[in-house]
Amino acid sequence: MLEIKHLRCIQAIASSSSLKAAATKLFISDSALSHQLKDLEQRINAHLVIRKQQPLQLTQHGQQLLQLAAKVLPLIEQTEQQFSAAQGQQTRLNISVDCHACFQWLLPALQQFQQAWPEVSSHFCQDKDYNGLPLLQRGEADLLLTSEVSPEDQIHFEPLFEYEMVLICPPQHRLTEQTSVSAAQLSEETIICYPVTPQRLDLYRYILQPSQVSVKQWKHADNPAMLLQMVAAGMGVAAMPYWAVEHYVQQQFVHLLSFEQALWRPMYAAYNQHRQSSPTLNSFIELILQQALMQLKGTRSLSFNQN
């Protein structure tokens with residue numbers, strides 16, 4: 001018999017580039033997800049994932065289950081929210097994040113939140129392109145952490161903080177004698193980035209594209225740890241938030257450079273306007289802001305009049 005956890009499992013796999021990434025979204029270990037997937041495949045006596053395909057792809061049976069999940073899970077979550085609203089409380093918090101590296105500071109804030117609100121069940125929901133706005137609009141996400149503000153009538157964007165984006169390169173790279181780098185100096189470089197379109201990348205949108213600079217090559221890394229390892233191994237350079245690399249710079253794992261025109265990016269908490277009075281949501285946003293400004297170097301407070 002199919003269970004809700006099976007539908008959430010197949011949905012997480014479909015929206016992830018690897019089983020490891022899917023396990024992170026579900027807050028379970030890689031082995032637990034593999035066991036859950038194997039159990040599900042045994043129950044229906046069919047393979048659901050083409051395992052040797054990168055990024056992951058679902059089989060025909062997997063696609064059927066995904067369609068079922070798309071119909072059933074929103075109905076379940078909507079009913080849960082209705083019950084919670086009738087009781088004057090929220091018992092589930094679905095979080096979407098547009099930033100790959102955000103989990104470094106988001107998870108400690110989430111741990112504090114779960115200690116303060118043990119009755120609230122927290123979950124991550126993502127798509128493959130880390131574009132959470134459609135999830136928020138459909139009601140599948142309660143909160144979106146994003147650097148982009150969209151003119152949406154029913155969506156409120158709460159300013160949180162802004163952070164500096166920097167370039168990292170191997171310790172022996174030709175740019176290590178500099179403290180800043182220009183777009184033109186990146187024309188012969190291999191850029192390591194996350195597996196999204198260039199238009200979603202800050203380096204491309206705010207540094208390369210305005211200067212009409214093309215780079216030698218683009219390489220992809222599924223997560224921040226892999227990206228840092230690839231840079232350290234001399235496979236290319238990358239743009240990362242300062243707080244995500246500061247520790248590795250101190251260990252001389254990578255070298256850090258600012259851009260000639262410092263690149264600061266904002267972070268907003270986006271949610272449906274009818275949730276503005278939600279005590280659970282407001283508590284979590286407050287913890288996020290405290291965690292960022294107190295623990296993360298290279299961040300500063302943000303308000304709308306700064307943009």
# chains A, B, ... in the order shown; residues from 1 in each chain; ligands from 1
>>> closest_atom_pairs(of="range 108-149 of chain A", to="range 68-74 of chain A", cutoff="9 Å", atoms="only C-alpha atoms", output="tab-separated table")
residue	atom	partner	partner_atom	distance
A:Arg138	CA	A:Pro74	CA	8.7
A:Gly139	CA	A:Pro74	CA	7.8
A:Glu140	CA	A:Pro74	CA	6.4
>>> residues_around(residues="Phe259 in chain A", least_positions_apart="3", cutoff="6 Å", atoms="only C-alpha atoms", output="mmCIF file with N, CA, C and O atoms, in the first residue's frame")
data_model
loop_
_atom_site.group_PDB
_atom_site.id
_atom_site.type_symbol
_atom_site.label_atom_id
_atom_site.label_comp_id
_atom_site.auth_asym_id
_atom_site.auth_seq_id
_atom_site.Cartn_x
_atom_site.Cartn_y
_atom_site.Cartn_z
ATOM 1 N N SER A 180 41.014 42.224 -6.081
ATOM 2 C CA SER A 180 39.732 42.331 -6.781
ATOM 3 C C SER A 180 39.909 41.853 -8.215
ATOM 4 O O SER A 180 41.025 41.746 -8.718
ATOM 5 N N VAL A 181 38.787 41.566 -8.867
ATOM 6 C CA VAL A 181 38.840 41.024 -10.218
ATOM 7 C C VAL A 181 37.778 41.706 -11.068
ATOM 8 O O VAL A 181 36.698 42.047 -10.592
ATOM 9 N N ALA A 262 31.894 45.946 -6.035
ATOM 10 C CA ALA A 262 31.417 44.958 -5.074
ATOM 11 C C ALA A 262 29.985 44.525 -5.388
ATOM 12 O O ALA A 262 29.113 45.357 -5.664
#
>>> closest_residue(among="A:Pro266, A:Ala244, A:Leu201, A:Lys25", to="His123 in chain A", atoms="only C-alpha atoms")
A:Lys25
>>> atom_distance(atom1="CA of Cys99 in chain A", atom2="CA of Ser121 in chain A")
21.8 Å
>>> closest_atom_pairs(of="range 147-191 of chain A", to="range 212-224 of chain A", cutoff="12 Å", atoms="only C-alpha atoms", output="Markdown table")
| residue | atom | partner | partner_atom | distance |
| --- | --- | --- | --- | --- |
| A:Ser182 | CA | A:Val213 | CA | 10.2 |
| A:Ala183 | CA | A:Val213 | CA | 6.6 |
| A:Ala184 | CA | A:Val213 | CA | 6.3 |
| A:Gln185 | CA | A:Val213 | CA | 9.2 |
| A:Leu186 | CA | A:Val215 | CA | 6.2 |
| A:Ser187 | CA | A:Val215 | CA | 4.3 |
| A:Glu188 | CA | A:Lys216 | CA | 5.0 |
| A:Glu189 | CA | A:Lys216 | CA | 5.3 |
| A:Thr190 | CA | A:Gln217 | CA | 4.6 |
| A:Ile191 | CA | A:Trp218 | CA | 4.9 |
>>> closest_residue(among="A:Gln104, A:Asn272, A:Gln250, A:Ser15", to="Leu133 in chain A", atoms="only C-alpha atoms")
A:Asn272
>>> closest_residue(among="A:Asp39, A:Ile28, A:Pro170, A:Leu175", to="Gln229 in chain A", atoms="only C-alpha atoms")
A:Pro170
>>> residues_around(residues="Gln199 in chain A", least_positions_apart="5", cutoff="12 Å", atoms="only C-alpha atoms", output="ChimeraX atom specification")
/A:129,193-194,204-209
>>> write_last_selection(atoms="N, CA, C and O atoms", output="PDB file, in the first residue's frame")
ATOM      1  N   ASP A 129      15.317  23.665 -10.627  1.00  0.00           N
ATOM      2  CA  ASP A 129      15.966  24.929 -10.938  1.00  0.00           C
ATOM      3  C   ASP A 129      16.028  25.867  -9.744  1.00  0.00           C
ATOM      4  O   ASP A 129      16.406  27.032  -9.884  1.00  0.00           O
ATOM      5  N   CYS A 193      29.737  26.305 -11.442  1.00  0.00           N
ATOM      6  CA  CYS A 193      28.485  26.845 -10.913  1.00  0.00           C
ATOM      7  C   CYS A 193      27.499  25.701 -10.665  1.00  0.00           C
ATOM      8  O   CYS A 193      27.781  24.549 -10.964  1.00  0.00           O
ATOM      9  N   TYR A 194      26.343  26.042 -10.136  1.00  0.00           N
ATOM     10  CA  TYR A 194      25.291  25.058  -9.918  1.00  0.00           C
ATOM     11  C   TYR A 194      24.577  24.752 -11.230  1.00  0.00           C
ATOM     12  O   TYR A 194      24.605  25.570 -12.171  1.00  0.00           O
ATOM     13  N   TYR A 204      26.809  35.758 -13.785  1.00  0.00           N
ATOM     14  CA  TYR A 204      26.462  36.021 -15.189  1.00  0.00           C
ATOM     15  C   TYR A 204      25.636  37.299 -15.321  1.00  0.00           C
ATOM     16  O   TYR A 204      25.932  38.168 -16.150  1.00  0.00           O
ATOM     17  N   ARG A 205      24.619  37.446 -14.489  1.00  0.00           N
ATOM     18  CA  ARG A 205      23.660  38.551 -14.629  1.00  0.00           C
ATOM     19  C   ARG A 205      24.264  39.913 -14.279  1.00  0.00           C
ATOM     20  O   ARG A 205      23.957  40.911 -14.943  1.00  0.00           O
ATOM     21  N   TYR A 206      25.117  39.953 -13.256  1.00  0.00           N
ATOM     22  CA  TYR A 206      25.564  41.242 -12.740  1.00  0.00           C
ATOM     23  C   TYR A 206      27.035  41.561 -13.033  1.00  0.00           C
ATOM     24  O   TYR A 206      27.452  42.699 -12.856  1.00  0.00           O
ATOM     25  N   ILE A 207      27.800  40.562 -13.476  1.00  0.00           N
ATOM     26  CA  ILE A 207      29.214  40.806 -13.770  1.00  0.00           C
ATOM     27  C   ILE A 207      29.517  40.571 -15.249  1.00  0.00           C
ATOM     28  O   ILE A 207      29.993  41.465 -15.955  1.00  0.00           O
ATOM     29  N   LEU A 208      29.239  39.376 -15.735  1.00  0.00           N
ATOM     30  CA  LEU A 208      29.628  39.016 -17.101  1.00  0.00           C
ATOM     31  C   LEU A 208      28.726  39.648 -18.165  1.00  0.00           C
ATOM     32  O   LEU A 208      29.210  40.245 -19.121  1.00  0.00           O
ATOM     33  N   GLN A 209      27.433  39.498 -18.013  1.00  0.00           N
ATOM     34  CA  GLN A 209      26.509  39.988 -19.039  1.00  0.00           C
ATOM     35  C   GLN A 209      26.581  41.504 -19.246  1.00  0.00           C
ATOM     36  O   GLN A 209      26.639  41.954 -20.404  1.00  0.00           O
TER      37      GLN A 209
END
>>> closest_residue(among="A:Leu56, A:Ile50, A:Ser96, A:Gln251", to="Ala141 in chain A", atoms="only C-alpha atoms")
A:Ser96
>>> closest_atom_pairs(of="range 245-306 of chain A", to="range 105-112 of chain A", cutoff="12 Å", atoms="only C-alpha atoms", output="Markdown table")
| residue | atom | partner | partner_atom | distance |
| --- | --- | --- | --- | --- |
| A:Thr280 | CA | A:Leu110 | CA | 11.7 |
| A:Leu281 | CA | A:Leu110 | CA | 11.5 |
| A:Ser283 | CA | A:Gln112 | CA | 10.2 |
| A:Phe284 | CA | A:Leu110 | CA | 7.4 |
| A:Ile285 | CA | A:Ala109 | CA | 9.0 |
| A:Glu286 | CA | A:Ala109 | CA | 9.2 |
| A:Leu287 | CA | A:Ala109 | CA | 5.7 |
| A:Ile288 | CA | A:Ala109 | CA | 5.5 |
| A:Leu289 | CA | A:Ala109 | CA | 8.8 |
| A:Gln290 | CA | A:Ala109 | CA | 8.4 |
| A:Gln291 | CA | A:Ala109 | CA | 6.2 |
| A:Ala292 | CA | A:Trp105 | CA | 6.7 |
| A:Leu293 | CA | A:Trp105 | CA | 10.4 |
| A:Met294 | CA | A:Trp105 | CA | 10.6 |
| A:Gln295 | CA | A:Trp105 | CA | 8.1 |
| A:Leu296 | CA | A:Trp105 | CA | 7.7 |
| A:Lys297 | CA | A:Trp105 | CA | 11.1 |
| A:Thr299 | CA | A:Trp105 | CA | 11.9 |
>>> write_last_selection(atoms="C-alpha atoms", output="PDB file, in the first residue's frame")
ATOM      1  CA  THR A 280       4.990  30.434  13.628  1.00  0.00           C
ATOM      2  CA  LEU A 281       6.054  32.053  10.361  1.00  0.00           C
ATOM      3  CA  SER A 283       9.039  33.406  14.686  1.00  0.00           C
ATOM      4  CA  PHE A 284      10.984  31.484  12.044  1.00  0.00           C
ATOM      5  CA  ILE A 285      11.753  34.626  10.024  1.00  0.00           C
ATOM      6  CA  GLU A 286      13.019  36.344  13.186  1.00  0.00           C
ATOM      7  CA  LEU A 287      15.325  33.398  13.926  1.00  0.00           C
ATOM      8  CA  ILE A 288      16.646  33.475  10.348  1.00  0.00           C
ATOM      9  CA  LEU A 289      17.477  37.156  10.656  1.00  0.00           C
ATOM     10  CA  GLN A 290      19.191  36.694  14.026  1.00  0.00           C
ATOM     11  CA  GLN A 291      21.229  33.758  12.752  1.00  0.00           C
ATOM     12  CA  ALA A 292      22.364  35.637   9.638  1.00  0.00           C
ATOM     13  CA  LEU A 293      23.345  38.945  11.222  1.00  0.00           C
ATOM     14  CA  MET A 294      24.982  37.398  14.299  1.00  0.00           C
ATOM     15  CA  GLN A 295      26.774  34.419  12.756  1.00  0.00           C
ATOM     16  CA  LEU A 296      27.472  35.193   9.108  1.00  0.00           C
ATOM     17  CA  LYS A 297      30.370  37.407   8.120  1.00  0.00           C
ATOM     18  CA  THR A 299      26.277  40.323   5.700  1.00  0.00           C
TER      19      THR A 299
END
>>> select_by_dssp(residues="range 14-198 of chain A", states="alpha helix (DSSP H)", output="CSV table (one decimal) with N, CA, C and O atoms, in the first residue's frame")
chain,number,residue,atom,x,y,z
A,14,ALA,N,12.2,13.6,-8.0
A,14,ALA,CA,11.9,14.3,-9.3
A,14,ALA,C,12.4,15.7,-9.4
A,14,ALA,O,12.8,16.2,-10.4
A,19,LEU,N,20.2,11.6,-5.7
A,19,LEU,CA,19.5,11.1,-4.5
A,19,LEU,C,20.0,11.8,-3.2
A,19,LEU,O,19.2,11.9,-2.3
A,20,LYS,N,21.3,12.2,-3.2
A,20,LYS,CA,21.8,12.9,-2.0
A,20,LYS,C,21.1,14.2,-1.8
A,20,LYS,O,20.7,14.5,-0.7
A,21,ALA,N,20.8,14.9,-2.9
A,21,ALA,CA,20.1,16.2,-2.8
A,21,ALA,C,18.6,16.0,-2.4
A,21,ALA,O,18.1,16.7,-1.6
A,22,ALA,N,18.0,14.9,-2.9
A,22,ALA,CA,16.7,14.6,-2.5
A,22,ALA,C,16.6,14.2,-1.0
A,22,ALA,O,15.6,14.6,-0.3
A,23,ALA,N,17.6,13.5,-0.5
A,23,ALA,CA,17.6,13.1,0.9
A,23,ALA,C,17.7,14.3,1.8
A,23,ALA,O,17.1,14.4,2.8
A,24,THR,N,18.5,15.3,1.3
A,24,THR,CA,18.6,16.6,2.1
A,24,THR,C,17.3,17.3,2.2
A,24,THR,O,16.9,17.8,3.3
A,25,LYS,N,16.5,17.3,1.1
A,25,LYS,CA,15.2,18.0,1.1
A,25,LYS,C,14.3,17.3,2.1
A,25,LYS,O,13.4,17.9,2.7
A,26,LEU,N,14.4,16.0,2.2
A,26,LEU,CA,13.5,15.2,3.1
A,26,LEU,C,14.0,15.1,4.5
A,26,LEU,O,13.3,14.5,5.4
A,30,ASP,N,21.1,9.6,3.2
A,30,ASP,CA,21.1,9.0,1.8
A,30,ASP,C,20.7,7.5,1.9
A,30,ASP,O,19.9,7.1,1.1
A,31,SER,N,21.2,6.8,2.9
A,31,SER,CA,20.8,5.3,3.0
A,31,SER,C,19.3,5.2,3.3
A,31,SER,O,18.7,4.2,2.8
A,32,ALA,N,18.8,6.1,4.1
A,32,ALA,CA,17.3,6.0,4.5
A,32,ALA,C,16.5,6.2,3.2
A,32,ALA,O,15.5,5.5,3.0
A,33,LEU,N,16.9,7.2,2.4
A,33,LEU,CA,16.2,7.4,1.1
A,33,LEU,C,16.3,6.2,0.2
A,33,LEU,O,15.3,5.8,-0.4
A,34,SER,N,17.5,5.7,0.1
A,34,SER,CA,17.6,4.5,-0.8
A,34,SER,C,16.8,3.3,-0.3
A,34,SER,O,16.2,2.6,-1.1
A,35,HIS,N,16.7,3.1,1.0
A,35,HIS,CA,15.9,2.1,1.6
A,35,HIS,C,14.4,2.3,1.3
A,35,HIS,O,13.6,1.4,0.9
A,36,GLN,N,14.0,3.6,1.5
A,36,GLN,CA,12.6,4.0,1.2
A,36,GLN,C,12.2,3.8,-0.3
A,36,GLN,O,11.1,3.3,-0.6
A,37,LEU,N,13.1,4.1,-1.2
A,37,LEU,CA,12.9,3.9,-2.6
A,37,LEU,C,12.8,2.5,-2.9
A,37,LEU,O,11.9,2.0,-3.7
A,38,LYS,N,13.7,1.7,-2.4
A,38,LYS,CA,13.7,0.2,-2.6
A,38,LYS,C,12.4,-0.4,-2.1
A,38,LYS,O,11.8,-1.3,-2.8
A,39,ASP,N,12.0,0.0,-1.0
A,39,ASP,CA,10.7,-0.5,-0.4
A,39,ASP,C,9.6,-0.2,-1.3
A,39,ASP,O,8.7,-1.0,-1.5
A,40,LEU,N,9.5,1.1,-1.8
A,40,LEU,CA,8.5,1.5,-2.7
A,40,LEU,C,8.5,0.7,-4.0
A,40,LEU,O,7.4,0.2,-4.5
A,41,GLU,N,9.6,0.5,-4.6
A,41,GLU,CA,9.7,-0.3,-5.8
A,41,GLU,C,9.3,-1.7,-5.6
A,41,GLU,O,8.7,-2.3,-6.5
A,42,GLN,N,9.6,-2.3,-4.4
A,42,GLN,CA,9.2,-3.7,-4.2
A,42,GLN,C,7.7,-3.8,-4.0
A,42,GLN,O,7.1,-4.7,-4.4
A,43,ARG,N,7.1,-2.7,-3.4
A,43,ARG,CA,5.7,-2.8,-3.2
A,43,ARG,C,4.9,-2.7,-4.5
A,43,ARG,O,3.8,-3.4,-4.7
A,44,ILE,N,5.4,-2.0,-5.5
A,44,ILE,CA,4.7,-1.9,-6.8
A,44,ILE,C,5.3,-2.8,-7.9
A,44,ILE,O,4.8,-2.8,-9.0
A,60,GLN,N,8.7,5.4,-16.5
A,60,GLN,CA,7.3,5.6,-16.8
A,60,GLN,C,6.5,5.4,-15.5
A,60,GLN,O,5.5,6.2,-15.2
A,61,HIS,N,6.8,4.4,-14.7
A,61,HIS,CA,6.1,4.2,-13.5
A,61,HIS,C,6.3,5.3,-12.5
A,61,HIS,O,5.5,5.7,-11.7
A,62,GLY,N,7.6,5.8,-12.5
A,62,GLY,CA,7.9,6.9,-11.6
A,62,GLY,C,7.1,8.1,-11.9
A,62,GLY,O,6.7,8.9,-11.1
A,63,GLN,N,7.0,8.4,-13.2
A,63,GLN,CA,6.2,9.5,-13.7
A,63,GLN,C,4.7,9.4,-13.3
A,63,GLN,O,4.1,10.4,-12.9
A,64,GLN,N,4.2,8.2,-13.3
A,64,GLN,CA,2.8,8.0,-12.9
A,64,GLN,C,2.7,8.3,-11.4
A,64,GLN,O,1.7,9.0,-11.0
A,65,LEU,N,3.6,7.9,-10.6
A,65,LEU,CA,3.6,8.2,-9.2
A,65,LEU,C,3.7,9.7,-8.9
A,65,LEU,O,3.1,10.2,-8.0
A,66,LEU,N,4.6,10.3,-9.7
A,66,LEU,CA,4.8,11.8,-9.6
A,66,LEU,C,3.5,12.5,-9.9
A,66,LEU,O,3.2,13.5,-9.2
A,67,GLN,N,2.8,12.1,-10.9
A,67,GLN,CA,1.5,12.7,-11.2
A,67,GLN,C,0.5,12.5,-10.1
A,67,GLN,O,-0.3,13.5,-9.7
A,68,LEU,N,0.5,11.4,-9.5
A,68,LEU,CA,-0.3,11.1,-8.3
A,68,LEU,C,0.0,12.0,-7.1
A,68,LEU,O,-0.8,12.6,-6.5
A,69,ALA,N,1.3,12.1,-6.9
A,69,ALA,CA,1.8,13.0,-5.8
A,69,ALA,C,1.4,14.4,-6.0
A,69,ALA,O,1.0,15.1,-5.1
A,70,ALA,N,1.5,14.9,-7.3
A,70,ALA,CA,1.1,16.3,-7.6
A,70,ALA,C,-0.4,16.6,-7.3
A,70,ALA,O,-0.8,17.7,-7.0
A,71,LYS,N,-1.2,15.5,-7.4
A,71,LYS,CA,-2.6,15.7,-7.1
A,71,LYS,C,-3.0,15.5,-5.6
A,71,LYS,O,-3.7,16.3,-5.1
A,72,VAL,N,-2.4,14.5,-5.0
A,72,VAL,CA,-2.7,14.1,-3.7
A,72,VAL,C,-2.1,15.0,-2.6
A,72,VAL,O,-2.8,15.5,-1.7
A,73,LEU,N,-0.8,15.3,-2.7
A,73,LEU,CA,-0.1,16.0,-1.6
A,73,LEU,C,-0.7,17.4,-1.4
A,73,LEU,O,-0.8,17.8,-0.2
A,74,PRO,N,-0.9,18.2,-2.4
A,74,PRO,CA,-1.5,19.5,-2.2
A,74,PRO,C,-2.8,19.4,-1.5
A,74,PRO,O,-3.2,20.3,-0.6
A,75,LEU,N,-3.7,18.4,-1.8
A,75,LEU,CA,-5.0,18.3,-1.1
A,75,LEU,C,-4.8,17.9,0.3
A,75,LEU,O,-5.5,18.5,1.2
A,76,ILE,N,-3.8,17.1,0.6
A,76,ILE,CA,-3.5,16.7,2.0
A,76,ILE,C,-3.0,17.9,2.8
A,76,ILE,O,-3.5,18.2,3.9
A,77,GLU,N,-2.1,18.7,2.2
A,77,GLU,CA,-1.5,19.9,2.9
A,77,GLU,C,-2.6,20.9,3.0
A,77,GLU,O,-2.7,21.6,4.1
A,78,GLN,N,-3.5,21.1,2.0
A,78,GLN,CA,-4.5,22.1,2.1
A,78,GLN,C,-5.5,21.7,3.3
A,78,GLN,O,-5.9,22.6,4.0
A,79,THR,N,-5.8,20.4,3.4
A,79,THR,CA,-6.7,20.0,4.5
A,79,THR,C,-6.0,20.2,5.8
A,79,THR,O,-6.7,20.7,6.8
A,80,GLU,N,-4.7,19.9,5.9
A,80,GLU,CA,-4.0,20.1,7.2
A,80,GLU,C,-4.0,21.6,7.6
A,80,GLU,O,-4.2,21.9,8.7
A,81,GLN,N,-3.8,22.5,6.6
A,81,GLN,CA,-3.8,23.9,6.8
A,81,GLN,C,-5.2,24.4,7.3
A,81,GLN,O,-5.3,25.2,8.2
A,82,GLN,N,-6.3,23.8,6.7
A,82,GLN,CA,-7.6,24.2,7.1
A,82,GLN,C,-7.9,23.8,8.5
A,82,GLN,O,-8.5,24.5,9.3
A,83,PHE,N,-7.5,22.6,8.9
A,83,PHE,CA,-7.6,22.1,10.3
A,83,PHE,C,-6.9,23.0,11.2
A,83,PHE,O,-7.3,23.4,12.3
A,84,SER,N,-5.6,23.3,10.8
A,84,SER,CA,-4.8,24.2,11.7
A,84,SER,C,-5.4,25.6,11.8
A,84,SER,O,-5.4,26.1,12.9
A,85,ALA,N,-5.9,26.1,10.7
A,85,ALA,CA,-6.6,27.4,10.8
A,85,ALA,C,-7.8,27.4,11.7
A,85,ALA,O,-8.0,28.4,12.5
A,86,ALA,N,-8.5,26.3,11.7
A,86,ALA,CA,-9.7,26.2,12.5
A,86,ALA,C,-9.3,26.2,14.0
A,86,ALA,O,-10.0,26.6,14.9
A,103,PHE,N,21.6,26.6,3.0
A,103,PHE,CA,21.4,25.6,4.1
A,103,PHE,C,22.5,25.7,5.2
A,103,PHE,O,22.2,25.3,6.3
A,104,GLN,N,23.6,26.3,4.9
A,104,GLN,CA,24.7,26.5,5.9
A,104,GLN,C,24.2,27.3,7.1
A,104,GLN,O,24.6,27.0,8.2
A,105,TRP,N,23.4,28.3,6.8
A,105,TRP,CA,22.9,29.1,8.0
A,105,TRP,C,21.4,28.9,8.2
A,105,TRP,O,20.9,29.2,9.3
A,106,LEU,N,20.7,28.3,7.3
A,106,LEU,CA,19.3,28.0,7.5
A,106,LEU,C,19.0,26.9,8.4
A,106,LEU,O,18.1,27.0,9.3
A,107,LEU,N,19.8,25.8,8.4
A,107,LEU,CA,19.6,24.7,9.2
A,107,LEU,C,19.7,25.0,10.7
A,107,LEU,O,18.9,24.5,11.5
A,108,PRO,N,20.8,25.7,11.1
A,108,PRO,CA,20.8,26.1,12.6
A,108,PRO,C,19.6,26.9,13.0
A,108,PRO,O,19.1,26.7,14.1
A,109,ALA,N,19.1,27.8,12.2
A,109,ALA,CA,17.9,28.6,12.5
A,109,ALA,C,16.7,27.6,12.6
A,109,ALA,O,15.8,27.8,13.5
A,110,LEU,N,16.6,26.6,11.7
A,110,LEU,CA,15.5,25.7,11.7
A,110,LEU,C,15.6,24.8,13.0
A,110,LEU,O,14.5,24.5,13.5
A,111,GLN,N,16.8,24.4,13.4
A,111,GLN,CA,16.9,23.7,14.6
A,111,GLN,C,16.4,24.4,15.8
A,111,GLN,O,15.6,23.9,16.7
A,112,GLN,N,16.7,25.7,15.9
A,112,GLN,CA,16.2,26.6,17.0
A,112,GLN,C,14.7,26.7,16.9
A,112,GLN,O,14.0,26.7,17.9
A,113,PHE,N,14.2,26.8,15.7
A,113,PHE,CA,12.7,26.9,15.5
A,113,PHE,C,12.0,25.7,16.0
A,113,PHE,O,11.0,25.7,16.6
A,114,GLN,N,12.6,24.5,15.6
A,114,GLN,CA,11.9,23.3,16.0
A,114,GLN,C,11.9,23.0,17.5
A,114,GLN,O,11.0,22.4,18.1
A,115,GLN,N,13.0,23.6,18.2
A,115,GLN,CA,13.0,23.5,19.7
A,115,GLN,C,11.9,24.4,20.3
A,115,GLN,O,11.3,24.0,21.3
A,116,ALA,N,11.7,25.6,19.6
A,116,ALA,CA,10.7,26.5,20.2
A,116,ALA,C,9.3,26.1,19.8
A,116,ALA,O,8.3,26.4,20.5
A,133,LEU,N,9.1,30.4,-6.4
A,133,LEU,CA,8.0,31.3,-6.5
A,133,LEU,C,6.7,30.5,-7.0
A,133,LEU,O,5.6,30.7,-6.4
A,134,PRO,N,6.8,29.7,-8.0
A,134,PRO,CA,5.6,28.9,-8.4
A,134,PRO,C,5.1,28.1,-7.3
A,134,PRO,O,3.8,27.9,-7.1
A,135,LEU,N,6.0,27.5,-6.5
A,135,LEU,CA,5.5,26.7,-5.3
A,135,LEU,C,4.8,27.5,-4.3
A,135,LEU,O,3.8,27.1,-3.8
A,136,LEU,N,5.2,28.7,-4.1
A,136,LEU,CA,4.6,29.7,-3.2
A,136,LEU,C,3.2,30.1,-3.7
A,136,LEU,O,2.2,30.1,-3.0
A,137,GLN,N,3.2,30.3,-5.0
A,137,GLN,CA,1.9,30.8,-5.6
A,137,GLN,C,0.9,29.7,-5.6
A,137,GLN,O,-0.3,29.9,-5.4
>>> atom_distance(atom1="CA of Cys169 in chain A", atom2="CA of Pro198 in chain A")
19.3 Å
>>> atom_distance(atom1="CA of Lys5 in chain A", atom2="CA of Cys125 in chain A")
13.6 Å
>>> residues_around(residues="Phe157 in chain A", least_positions_apart="4", cutoff="9 Å", atoms="only C-alpha atoms", output="MDAnalysis selection string")
chainID A and resid 149:150 268:272
>>> write_last_selection(atoms="N, CA and C atoms", output="mmCIF file, in the first residue's frame")
data_model
loop_
_atom_site.group_PDB
_atom_site.id
_atom_site.type_symbol
_atom_site.label_atom_id
_atom_site.label_comp_id
_atom_site.auth_asym_id
_atom_site.auth_seq_id
_atom_site.Cartn_x
_atom_site.Cartn_y
_atom_site.Cartn_z
ATOM 1 N N VAL A 149 12.809 39.881 -6.060
ATOM 2 C CA VAL A 149 11.493 40.410 -5.726
ATOM 3 C C VAL A 149 10.659 40.471 -7.000
ATOM 4 N N SER A 150 9.472 39.878 -6.970
ATOM 5 C CA SER A 150 8.565 39.891 -8.118
ATOM 6 C C SER A 150 7.302 40.649 -7.746
ATOM 7 N N TYR A 268 15.389 37.912 0.822
ATOM 8 C CA TYR A 268 14.043 38.229 1.275
ATOM 9 C C TYR A 268 13.334 36.963 1.747
ATOM 10 N N ALA A 269 12.404 37.157 2.656
ATOM 11 C CA ALA A 269 11.471 36.103 3.041
ATOM 12 C C ALA A 269 10.147 36.421 2.360
ATOM 13 N N ALA A 270 9.709 35.553 1.468
ATOM 14 C CA ALA A 270 8.474 35.774 0.724
ATOM 15 C C ALA A 270 7.399 34.803 1.198
ATOM 16 N N TYR A 271 6.191 35.313 1.358
ATOM 17 C CA TYR A 271 5.075 34.468 1.785
ATOM 18 C C TYR A 271 3.763 35.133 1.383
ATOM 19 N N ASN A 272 2.690 34.347 1.368
ATOM 20 C CA ASN A 272 1.381 34.876 1.019
ATOM 21 C C ASN A 272 0.936 35.894 2.053
#
>>> select_by_dssp(residues="range 14-124 of chain A", states="strand (DSSP E)", output="count of residues only")
14
>>> closest_residue(among="A:Cys9, A:Met1, A:Leu93, A:Val166", to="Val254 in chain A", atoms="only C-alpha atoms")
A:Val166
